[in-house]
Amino acid sequence: MAKEEVSDDGSSSVETGDLESHPRLSLEKETGLASCRVCQCAESDKRGDAALEFLGITPVIESDGKGVQKDMSLHKNIENKSGVVEFVGPDGEVFICKNDLEIGLSHQDALLELGCCCKNDLALVHYACALKWFVNHGSTICEICGHIANNIRVSDFNKVVGSLKEYEALRERTATGDPGPAQAHANNGVDPDAVAAIRRQRLSEIALWFCPHNSSSITNNSNVDTVSQVVSEQPLNIVPEDAGPEQNPATKWAVEGTGILLATGLLTITLAWLIAPRVGKKTAKSGLHILLGGVCALTVVIFFRFFVLTRIKYGPARYWAILFVFWFLVFGIWASRTHGAHTTCSATLSVVPELEEKQVFDGEKAALLVKELRKSFDSGKTKSYEWRISQLEGIAKMLEEKEKEITIALDKDLSKPGLEAFITEISQAKSSCSEAIQELKHWMKPEKVNTSITTFPSSAEIVSEPLGVVLVISTWNFPFLLSMDPVIGAISAGNAVVLKPSEISPATSSLLANLLENYLDNSAIRVVEGAIPETTALLEQKWDKILYTGSARVGRIVMAAAAKHLTPVVLELGGKCPAVVDSDVNLQVTARRIIGGKWACNSGQACISVDYIITRKEFAPSLINALKEELEQCFGKDLMESKDMSRIVSPTQFARLVKLLDEDKVSDKIVLGGQRDEKKLKIAPTILLDVPEEAMVMQEEIFGPILPIITVSTRSQQQTSSGHSFVPIQLLCKNHLTVDNIEDCFSIIKSKPKPLAAYLFTNNEQLKKDYVEKISSGGMLINDTVIHVATRGLPFGGVEESGMGSYHGKFSFDSFSHKKSVLYRSFDADSSLRYPPYTPKKEKLLKAVISGNIFQIISALFGWS
């Protein structure tokens, strides 16, 4: 407590100064604690606590966290302590002669809510500070919100006003020399002078707290008379209709600021249109949308400010400025993002072509992108284990948090059922990422190699080092998996990566661009969206490796572009994947597994889906019936209405498939399905029987829900488009006049380009062995379809026209790594055999060492012939 001094007239002063210069103010602001709106401090001022003690006022405190309030009893026994003298005044008051502030107070004033409409820090106040504020303003009406402060007791307010009047009266009596009440009761044994002095001191403390600016010059009744007049003329806690505080200058500033912002916004819009030809219409349009959003924001704020919150007439201008800026940004971003969506209304469509100027990703920007990524790679950060594992963990986090968004995107692009999307894409990406995280240290560890005697003493190892900056071009049929799986491998190997998703699956492409930007290191991993121009610009650059997934036609274009820079490539293409079905199989299981590898696999739009079936003629009807029954079990009787089968990806692909079905030599071969719905881009599961070899459906990869069945006993010598000729099947069988051995179908498969996958259903062990030995394909599966690609430890890749190179798991790491050979030698045991001059003895010994024959080495050392 600050030291107090009593002046000649009974008033006291505090050496530390008044409230405005109190040193606690800066400390409370730094701590960030809740503070009183009057004194700006968290703890109460002891001068205010003392003033309440002198008046017998107990602050309102909260008894629980629900706003229930009660009064703390003031009647506490004050223990007599050494040096403390009690006096009883004529009216029964107890006066303690020693300074009360030094023996401690019976309570400490805590923060409470005023009970008006103010919120947050504006609602918190110390009780003594609140009484001080309202006494100086003449009522208990909050001048900020205009409502009555319900938690300020009227009796306490009146008690303070009465004490101020009493102090003024006491000062007048002291000045005129009139006797006071204490002198009139001198016969009670109490020193009247001591009582008068103590009373004067207490009233002085009260006046000093509640009227700090007028305590030294209060003789003219300036403050007390004003308060008395207001209290007497106006009932407390009643708000007169015409009463209202004078408008704060902050209000005027806020209104003027609003006008300035609006004028600035309109001026900026005008400038944006004027400079649009110089900066581009897209930039000007984006600025326009943000500014329009800001105008909307200001309109909303002004509406709330002057029509909804009409009682708020003043307040710090900074609050309104912050609110203006906040809503300006919110509406601006909202307007910009809304325009970028694909839900533009028809009224806007006529304006968009004039404003829209798509930023072209040309060769110059592609070169700049590669330069930036190469700079990042050359810095060495992508080579560290920490960077690689952090990116892989970012992908794992992305897959967990954004699974729903990925499923929605796949549904938009392909109407892919949720479970199919999870099984064939999301879970496979999770598995690939999990394997990379678990095995990365092992993959990065150099592989030790044994050395020969010619390099003794020495050691050798194979070091896997990243290639550099690689390009991944994915396709549309499994747009998420076939994008992320190669990217995971490239990151694991420590490369900088550019991903080019397919434009045919725009929802997934956009999602990949957003997700990889948010979850991965953009200085080393980028996504470039677009179509043929963007892909062409990328292929013109020098890459350290290119991985492409798609058709053989585009694969040739990619390989030709890579050859200009001698860039190695991995091509995952496709082809016509056959399924040979023997007659000794479990027909129901076989039918289900064929359906799983055809129609339940993205409606046949997969490079490894079953493209055609070869079986014996007499077995074909049974197989067709089994397929029909299982199709109904899987997709229902109305196959076109099934929600468990994907749609065709685009109208172009739909038209291509319809053309295959409507060909003259094919349309009459349909034994099941054939329905199509162009609006829904759906084609029912369709089975063709004994389609001619020259039909387009047998010459090109189908990539759709059409499945031809070829019976071996009806084939004749025919010519394929690739120049391969069939041998008459009658000549293929050595012991039979007719073809009834399923092994004779091998020539049909061999007559076509090597497929990406080949399937066989049989219980014949010899047939399994022959099929594996004689049929060349990228992958092979016996008695099932497609699931070999999900088997950890198996590479995925094609051969000849079905592709080159492979990836998945460790093979992805190896594909994007260079295997560097390293040999370590010391300076010891440096033999002169390898250096000139070459003598006959050196020659004999060197040949013996190279041969590794110990006897020849001993003979050469001793000079034996």
# chains A, B, ... in the order shown; residues from 1 in each chain; ligands from 1
>>> closest_atom_pairs(of="range 726-836 of chain A", to="range 609-629 of chain A", cutoff="12 Å", atoms="only C-alpha atoms", output="Markdown table")
| residue | atom | partner | partner_atom | distance |
| --- | --- | --- | --- | --- |
| A:Thr738 | CA | A:Arg616 | CA | 11.3 |
| A:Val739 | CA | A:Arg616 | CA | 8.5 |
| A:Asp740 | CA | A:Arg616 | CA | 6.5 |
| A:Asn741 | CA | A:Arg616 | CA | 7.8 |
| A:Ile742 | CA | A:Arg616 | CA | 6.6 |
| A:Glu743 | CA | A:Thr615 | CA | 10.0 |
| A:Asp744 | CA | A:Arg616 | CA | 10.1 |
| A:Cys745 | CA | A:Ile614 | CA | 7.1 |
| A:Phe746 | CA | A:Ile614 | CA | 9.6 |
| A:Ser747 | CA | A:Ile614 | CA | 11.3 |
| A:Ile748 | CA | A:Ile614 | CA | 8.8 |
| A:Ile749 | CA | A:Ile614 | CA | 9.2 |
| A:Pro755 | CA | A:Asp611 | CA | 9.8 |
| A:Leu756 | CA | A:Ser609 | CA | 9.5 |
| A:Ala757 | CA | A:Ser609 | CA | 8.2 |
| A:Ala758 | CA | A:Val610 | CA | 8.3 |
| A:Tyr759 | CA | A:Val610 | CA | 8.0 |
| A:Leu760 | CA | A:Ile614 | CA | 9.6 |
| A:Phe761 | CA | A:Thr615 | CA | 9.9 |
| A:Thr762 | CA | A:Thr615 | CA | 10.9 |
| A:Gly779 | CA | A:Ser609 | CA | 12.0 |
| A:Met780 | CA | A:Val610 | CA | 11.8 |
| A:Leu781 | CA | A:Val610 | CA | 11.4 |
| A:Asp784 | CA | A:Val610 | CA | 10.5 |
| A:Thr785 | CA | A:Val610 | CA | 7.6 |
| A:Val786 | CA | A:Ser609 | CA | 6.7 |
| A:Ile787 | CA | A:Ser609 | CA | 10.4 |
| A:His788 | CA | A:Ser609 | CA | 11.8 |
| A:Val789 | CA | A:Ser609 | CA | 11.4 |
>>> select_by_dssp(residues="range 650-720 of chain A", states="helix (DSSP H, G or I)", output="ChimeraX atom specification")
/A:651-661,664-667,696-699,712-714
>>> write_last_selection(atoms="N, CA and C atoms", output="mmCIF file, in the first residue's frame")
data_model
loop_
_atom_site.group_PDB
_atom_site.id
_atom_site.type_symbol
_atom_site.label_atom_id
_atom_site.label_comp_id
_atom_site.auth_asym_id
_atom_site.auth_seq_id
_atom_site.Cartn_x
_atom_site.Cartn_y
_atom_site.Cartn_z
ATOM 1 N N PRO A 651 -18.135 -38.985 -72.968
ATOM 2 C CA PRO A 651 -18.904 -39.250 -74.185
ATOM 3 C C PRO A 651 -18.046 -39.808 -75.315
ATOM 4 N N THR A 652 -16.799 -39.399 -75.380
ATOM 5 C CA THR A 652 -15.918 -39.905 -76.442
ATOM 6 C C THR A 652 -15.695 -41.409 -76.283
ATOM 7 N N GLN A 653 -15.408 -41.830 -75.082
ATOM 8 C CA GLN A 653 -15.208 -43.264 -74.831
ATOM 9 C C GLN A 653 -16.511 -44.041 -75.021
ATOM 10 N N PHE A 654 -17.621 -43.417 -74.639
ATOM 11 C CA PHE A 654 -18.919 -44.064 -74.832
ATOM 12 C C PHE A 654 -19.188 -44.296 -76.320
ATOM 13 N N ALA A 655 -18.945 -43.289 -77.150
ATOM 14 C CA ALA A 655 -19.169 -43.417 -78.591
ATOM 15 C C ALA A 655 -18.264 -44.485 -79.199
ATOM 16 N N ARG A 656 -17.022 -44.573 -78.718
ATOM 17 C CA ARG A 656 -16.101 -45.592 -79.238
ATOM 18 C C ARG A 656 -16.602 -46.998 -78.933
ATOM 19 N N LEU A 657 -17.111 -47.218 -77.731
ATOM 20 C CA LEU A 657 -17.606 -48.545 -77.356
ATOM 21 C C LEU A 657 -18.881 -48.904 -78.123
ATOM 22 N N VAL A 658 -19.750 -47.919 -78.309
ATOM 23 C CA VAL A 658 -20.973 -48.170 -79.083
ATOM 24 C C VAL A 658 -20.622 -48.551 -80.514
ATOM 25 N N LYS A 659 -19.615 -47.925 -81.059
ATOM 26 C CA LYS A 659 -19.173 -48.246 -82.420
ATOM 27 C C LYS A 659 -18.691 -49.685 -82.512
ATOM 28 N N LEU A 660 -18.019 -50.167 -81.467
ATOM 29 C CA LEU A 660 -17.568 -51.559 -81.463
ATOM 30 C C LEU A 660 -18.759 -52.516 -81.464
ATOM 31 N N LEU A 661 -19.819 -52.163 -80.712
ATOM 32 C CA LEU A 661 -20.992 -53.041 -80.626
ATOM 33 C C LEU A 661 -21.834 -53.010 -81.892
ATOM 34 N N ASP A 664 -21.171 -54.357 -88.108
ATOM 35 C CA ASP A 664 -22.035 -55.339 -88.779
ATOM 36 C C ASP A 664 -21.765 -56.770 -88.327
ATOM 37 N N LYS A 665 -20.512 -57.124 -88.191
ATOM 38 C CA LYS A 665 -20.165 -58.507 -87.868
ATOM 39 C C LYS A 665 -20.240 -58.810 -86.381
ATOM 40 N N VAL A 666 -20.627 -57.800 -85.593
ATOM 41 C CA VAL A 666 -20.626 -57.965 -84.137
ATOM 42 C C VAL A 666 -22.030 -57.875 -83.553
ATOM 43 N N SER A 667 -22.865 -57.011 -84.096
ATOM 44 C CA SER A 667 -24.166 -56.729 -83.485
ATOM 45 C C SER A 667 -25.033 -57.974 -83.322
ATOM 46 N N MET A 696 -13.329 -55.122 -85.100
ATOM 47 C CA MET A 696 -12.553 -54.160 -84.328
ATOM 48 C C MET A 696 -12.475 -54.554 -82.859
ATOM 49 N N VAL A 697 -13.518 -55.191 -82.346
ATOM 50 C CA VAL A 697 -13.534 -55.567 -80.944
ATOM 51 C C VAL A 697 -12.459 -56.584 -80.612
ATOM 52 N N MET A 698 -11.961 -57.309 -81.663
ATOM 53 C CA MET A 698 -10.881 -58.263 -81.445
ATOM 54 C C MET A 698 -9.521 -57.733 -81.890
ATOM 55 N N GLN A 699 -9.505 -56.534 -82.450
ATOM 56 C CA GLN A 699 -8.253 -55.978 -82.944
ATOM 57 C C GLN A 699 -7.662 -54.915 -82.018
ATOM 58 N N VAL A 712 -12.588 -72.463 -79.240
ATOM 59 C CA VAL A 712 -11.439 -72.902 -80.035
ATOM 60 C C VAL A 712 -11.810 -73.803 -81.196
ATOM 61 N N SER A 713 -12.935 -74.479 -81.145
ATOM 62 C CA SER A 713 -13.259 -75.432 -82.208
ATOM 63 C C SER A 713 -13.889 -74.771 -83.422
ATOM 64 N N THR A 714 -14.129 -73.473 -83.357
ATOM 65 C CA THR A 714 -14.754 -72.789 -84.490
ATOM 66 C C THR A 714 -13.801 -71.826 -85.167
#
>>> residues_around(residues="range 842-847 of chain A", least_positions_apart="6", cutoff="8 Å", atoms="only C-alpha atoms", output="list in words")
Leu833, Arg834, Gln856, Ile857, Ala860 and Leu861 of chain A
>>> atom_distance(atom1="CA of Ser646 in chain A", atom2="CA of Lys416 in chain A")
4.7 Å
>>> atom_distance(atom1="CA of Asp584 in chain A", atom2="CA of Glu630 in chain A")
18.6 Å
>>> atom_distance(atom1="CA of Leu414 in chain A", atom2="CA of Lys680 in chain A")
10.8 Å
>>> closest_residue(among="A:Glu461, A:Asp485, A:Glu372, A:Glu405", to="Cys433 in chain A", atoms="only C-alpha atoms")
A:Asp485
>>> closest_residue(among="A:Asn450, A:Phe422, A:Ala128, A:Leu515", to="Glu401 in chain A", atoms="only C-alpha atoms")
A:Leu515
>>> closest_residue(among="A:Gln438, A:Gln201, A:Thr424, A:Thr475", to="Ser551 in chain A", atoms="only C-alpha atoms")
A:Thr475
